[in-house]
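Enquirer: Below are the structure tokens for one structure; questions will follow.
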Amino acid sequence: MEKSQKVDRFRAWLLTSAVESIKPVYAILFQSDKKPWPTTVASLGKRPAGSLGKELERFLTAHGFNLIPLYENHDAYHVLLGYAPEVTDEAAMQFFLLGNRKITVSVVVTVIFSLIILPEYLGKFWREYRRGRSCAPIGKWELQHLLDEQVSVLRALIHNEKIPDETILF
């Protein structure tokens with residue numbers, strides 16, 4: 001294994017460890033009023049084709065993930081925004097969310113650590129921040145109530161695009 005690969009794996013581990021270590025504290029301090037989604041991966045798979053729920057089930061299954069209580073929105077953001085579940089895309093998604101005005105301790109900590117640990121991706125991160133600024137704010141969306149909605153429609157709303165007239169939303 002080349003030295004650069006070891007460094008990249010180490011930095012990926014470092015960033016992931018930092019983010020994972022704040023999750024329990026974040027849940028206690030900032031999510032005590034929230035409840036986990038009353039759903040399972042299997043029940044998501046029973047949602048309509050093309051819906052957020054169905055696409056979320058596909059995403060979770062494809063990557064061997066399960067729903068993490070109180071962090072369900074995170075994986076739904078991956079589906080809606082098209083970010084892969086790998087370190088640089090995870091960081092880029094947090095820059096998008098920061099630009100989109102979703103300012104939480106989790107987002108800010110990830111952004112700070114990403115800048116320190118992955119400085120060579122600054123250009124990518126800046127582009128994603130600016131992309132987030134140009135999109136409709138989604139930080140307050142109740143994603144669990146949108147699981148039957150078509151991903152294509154939700155993405156159009158996010159990107160301020162026209163929704164086809166024949167599409168029924170909500």
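Chain identifiers are assigned as A, B, and so on, following the order in which chains appear in the structure tokens; residues are numbered from 1 within each chain, and ligands are numbered from 1 in order of appearance.
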Tell me which protein, DNA and RNA residues are within 10 Å of A:Glu55, counting only C-alpha atoms, leaving out same-chain ones fewer than 3 positions away, and put them as a list in words.
Expert: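 That gives Leu44, Gly45, Arg47, Pro48, Ala49, Gly50, Ser51, Leu52, Arg58, Phe59, Leu60, Thr61, Ala76, Val79, Leu80, Leu147, Gln150 and Val151 of chain A.
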Enquirer: Write out as a PyMOL selection string each polymer residue whose atoms come within 10 Å of A:Leu98, counting only C-alpha atoms; drop sequence neighbours fewer than 4 positions from it.
Expert: chain A and resi 92-94+102-104+107-108+111+128-130+132-133+139
Enquirer: Run DSSP on the backbone and tell me which residues of stretch 13-123 of chain A come out as helix (DSSP H, G or I); list them as a PyMOL selection string.
Expert: chain A and resi 13-30+41-44+52-62+72-81+87-99+105-117+119-123
Enquirer: Can you tell me which residues surround A:Thr110 at a distance of at most 12 Å, considering only C-alpha atoms, apart from same-chain residues fewer than 6 positions away, and format the answer as number ranges by chain?
Expert: A: 14-23, 87-98, 103-104, 116-118, 125
Enquirer: Could the residues in this selection be written to a file with N, CA and C atoms, as a PDB file, in the first residue's frame?
Expert:
```
ATOM      1  N   LEU A  14     -10.005   9.327  10.890  1.00  0.00           N
ATOM      2  CA  LEU A  14      -9.976  10.429  11.852  1.00  0.00           C
ATOM      3  C   LEU A  14     -11.250  11.271  11.761  1.00  0.00           C
ATOM      4  N   LEU A  15     -11.634  11.642  10.565  1.00  0.00           N
ATOM      5  CA  LEU A  15     -12.845  12.451  10.378  1.00  0.00           C
ATOM      6  C   LEU A  15     -14.084  11.672  10.809  1.00  0.00           C
ATOM      7  N   THR A  16     -14.179  10.423  10.387  1.00  0.00           N
ATOM      8  CA  THR A  16     -15.325   9.589  10.761  1.00  0.00           C
ATOM      9  C   THR A  16     -15.399   9.418  12.272  1.00  0.00           C
ATOM     10  N   SER A  17     -14.267   9.161  12.900  1.00  0.00           N
ATOM     11  CA  SER A  17     -14.241   8.987  14.359  1.00  0.00           C
ATOM     12  C   SER A  17     -14.678  10.257  15.081  1.00  0.00           C
ATOM     13  N   ALA A  18     -14.207  11.388  14.603  1.00  0.00           N
ATOM     14  CA  ALA A  18     -14.584  12.664  15.229  1.00  0.00           C
ATOM     15  C   ALA A  18     -16.089  12.882  15.142  1.00  0.00           C
ATOM     16  N   VAL A  19     -16.644  12.644  13.973  1.00  0.00           N
ATOM     17  CA  VAL A  19     -18.083  12.852  13.776  1.00  0.00           C
ATOM     18  C   VAL A  19     -18.886  11.839  14.587  1.00  0.00           C
ATOM     19  N   GLU A  20     -18.474  10.578  14.556  1.00  0.00           N
ATOM     20  CA  GLU A  20     -19.193   9.540  15.297  1.00  0.00           C
ATOM     21  C   GLU A  20     -19.148   9.789  16.803  1.00  0.00           C
ATOM     22  N   SER A  21     -18.044  10.339  17.292  1.00  0.00           N
ATOM     23  CA  SER A  21     -17.921  10.555  18.731  1.00  0.00           C
ATOM     24  C   SER A  21     -18.845  11.661  19.246  1.00  0.00           C
ATOM     25  N   ILE A  22     -19.236  12.584  18.372  1.00  0.00           N
ATOM     26  CA  ILE A  22     -20.137  13.642  18.844  1.00  0.00           C
ATOM     27  C   ILE A  22     -21.610  13.250  18.755  1.00  0.00           C
ATOM     28  N   LYS A  23     -21.936  12.166  18.050  1.00  0.00           N
ATOM     29  CA  LYS A  23     -23.343  11.781  17.880  1.00  0.00           C
ATOM     30  C   LYS A  23     -24.078  11.574  19.201  1.00  0.00           C
ATOM     31  N   VAL A  87     -16.246   9.366   2.551  1.00  0.00           N
ATOM     32  CA  VAL A  87     -15.787  10.479   3.378  1.00  0.00           C
ATOM     33  C   VAL A  87     -15.879  11.842   2.690  1.00  0.00           C
ATOM     34  N   THR A  88     -15.347  11.983   1.481  1.00  0.00           N
ATOM     35  CA  THR A  88     -15.358  13.315   0.870  1.00  0.00           C
ATOM     36  C   THR A  88     -16.774  13.754   0.502  1.00  0.00           C
ATOM     37  N   ASP A  89     -17.631  12.811   0.099  1.00  0.00           N
ATOM     38  CA  ASP A  89     -19.019  13.180  -0.197  1.00  0.00           C
ATOM     39  C   ASP A  89     -19.795  13.482   1.081  1.00  0.00           C
ATOM     40  N   GLU A  90     -19.501  12.749   2.159  1.00  0.00           N
ATOM     41  CA  GLU A  90     -20.132  13.056   3.455  1.00  0.00           C
ATOM     42  C   GLU A  90     -19.806  14.497   3.849  1.00  0.00           C
ATOM     43  N   ALA A  91     -18.524  14.854   3.719  1.00  0.00           N
ATOM     44  CA  ALA A  91     -18.108  16.209   4.058  1.00  0.00           C
ATOM     45  C   ALA A  91     -18.757  17.219   3.120  1.00  0.00           C
ATOM     46  N   ALA A  92     -18.766  16.919   1.823  1.00  0.00           N
ATOM     47  CA  ALA A  92     -19.370  17.828   0.844  1.00  0.00           C
ATOM     48  C   ALA A  92     -20.851  18.055   1.153  1.00  0.00           C
ATOM     49  N   MET A  93     -21.544  17.001   1.588  1.00  0.00           N
ATOM     50  CA  MET A  93     -22.959  17.145   1.922  1.00  0.00           C
ATOM     51  C   MET A  93     -23.132  18.104   3.107  1.00  0.00           C
ATOM     52  N   GLN A  94     -22.229  18.058   4.065  1.00  0.00           N
ATOM     53  CA  GLN A  94     -22.326  18.969   5.201  1.00  0.00           C
ATOM     54  C   GLN A  94     -22.086  20.412   4.773  1.00  0.00           C
ATOM     55  N   PHE A  95     -21.192  20.622   3.806  1.00  0.00           N
ATOM     56  CA  PHE A  95     -20.985  21.968   3.258  1.00  0.00           C
ATOM     57  C   PHE A  95     -22.242  22.431   2.520  1.00  0.00           C
ATOM     58  N   PHE A  96     -22.879  21.532   1.766  1.00  0.00           N
ATOM     59  CA  PHE A  96     -24.138  21.879   1.110  1.00  0.00           C
ATOM     60  C   PHE A  96     -25.156  22.308   2.163  1.00  0.00           C
ATOM     61  N   LEU A  97     -25.297  21.505   3.214  1.00  0.00           N
ATOM     62  CA  LEU A  97     -26.285  21.806   4.256  1.00  0.00           C
ATOM     63  C   LEU A  97     -25.973  23.122   4.963  1.00  0.00           C
ATOM     64  N   LEU A  98     -24.703  23.391   5.217  1.00  0.00           N
ATOM     65  CA  LEU A  98     -24.329  24.677   5.822  1.00  0.00           C
ATOM     66  C   LEU A  98     -24.723  25.825   4.887  1.00  0.00           C
ATOM     67  N   ILE A 103     -27.845  25.066  10.041  1.00  0.00           N
ATOM     68  CA  ILE A 103     -26.697  25.276  10.918  1.00  0.00           C
ATOM     69  C   ILE A 103     -26.952  24.549  12.236  1.00  0.00           C
ATOM     70  N   THR A 104     -26.302  23.398  12.360  1.00  0.00           N
ATOM     71  CA  THR A 104     -26.393  22.604  13.575  1.00  0.00           C
ATOM     72  C   THR A 104     -24.973  22.328  14.060  1.00  0.00           C
ATOM     73  N   ILE A 116      -9.868  21.004   8.165  1.00  0.00           N
ATOM     74  CA  ILE A 116      -8.562  20.701   8.756  1.00  0.00           C
ATOM     75  C   ILE A 116      -7.966  19.420   8.174  1.00  0.00           C
ATOM     76  N   ILE A 117      -8.795  18.400   8.055  1.00  0.00           N
ATOM     77  CA  ILE A 117      -8.303  17.076   7.675  1.00  0.00           C
ATOM     78  C   ILE A 117      -8.230  16.874   6.157  1.00  0.00           C
ATOM     79  N   LEU A 118      -9.076  17.553   5.410  1.00  0.00           N
ATOM     80  CA  LEU A 118      -9.140  17.357   3.955  1.00  0.00           C
ATOM     81  C   LEU A 118      -8.993  18.681   3.196  1.00  0.00           C
ATOM     82  N   PHE A 125     -15.607  21.551  -1.637  1.00  0.00           N
ATOM     83  CA  PHE A 125     -16.445  21.967  -0.512  1.00  0.00           C
ATOM     84  C   PHE A 125     -17.057  23.340  -0.768  1.00  0.00           C
TER      85      PHE A 125
END
```
Enquirer: Excluding same-chain residues fewer than 4 positions from A:His63, what lies within 12 Å of it counting only C-alpha atoms, as a VMD selection string?
Expert: chain A and resid 56 to 59 67 75 78 84 to 86
Enquirer: Point out the residue among A:Lys35, A:Gly99, A:Lys54, A:Glu161 with the least atom-to-atom distance to A:Ile68, counting only C-alpha atoms.
Expert: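 Distance minimum relative to A:Ile68 lands on A:Lys35.
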Enquirer: One number please: atom CA of A:Val153 to atom CA of A:Trp37, in Å, one decimal.
Expert: 22.0 Å
Enquirer: Between atom CA of A:Leu70 and atom CA of A:Lys34, measure the distance and give it in Å to one decimal.
Expert: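 The value is 7.1 Å.
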Enquirer: Mind giving me the straight-line distance from atom CA of A:Ala136 to atom CA of A:Ile158 in Å, one decimal?
Expert: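 Taking atom CA of A:Ala136 as the start and atom CA of A:Ile158 as the end point, the length is 4.9 Å.
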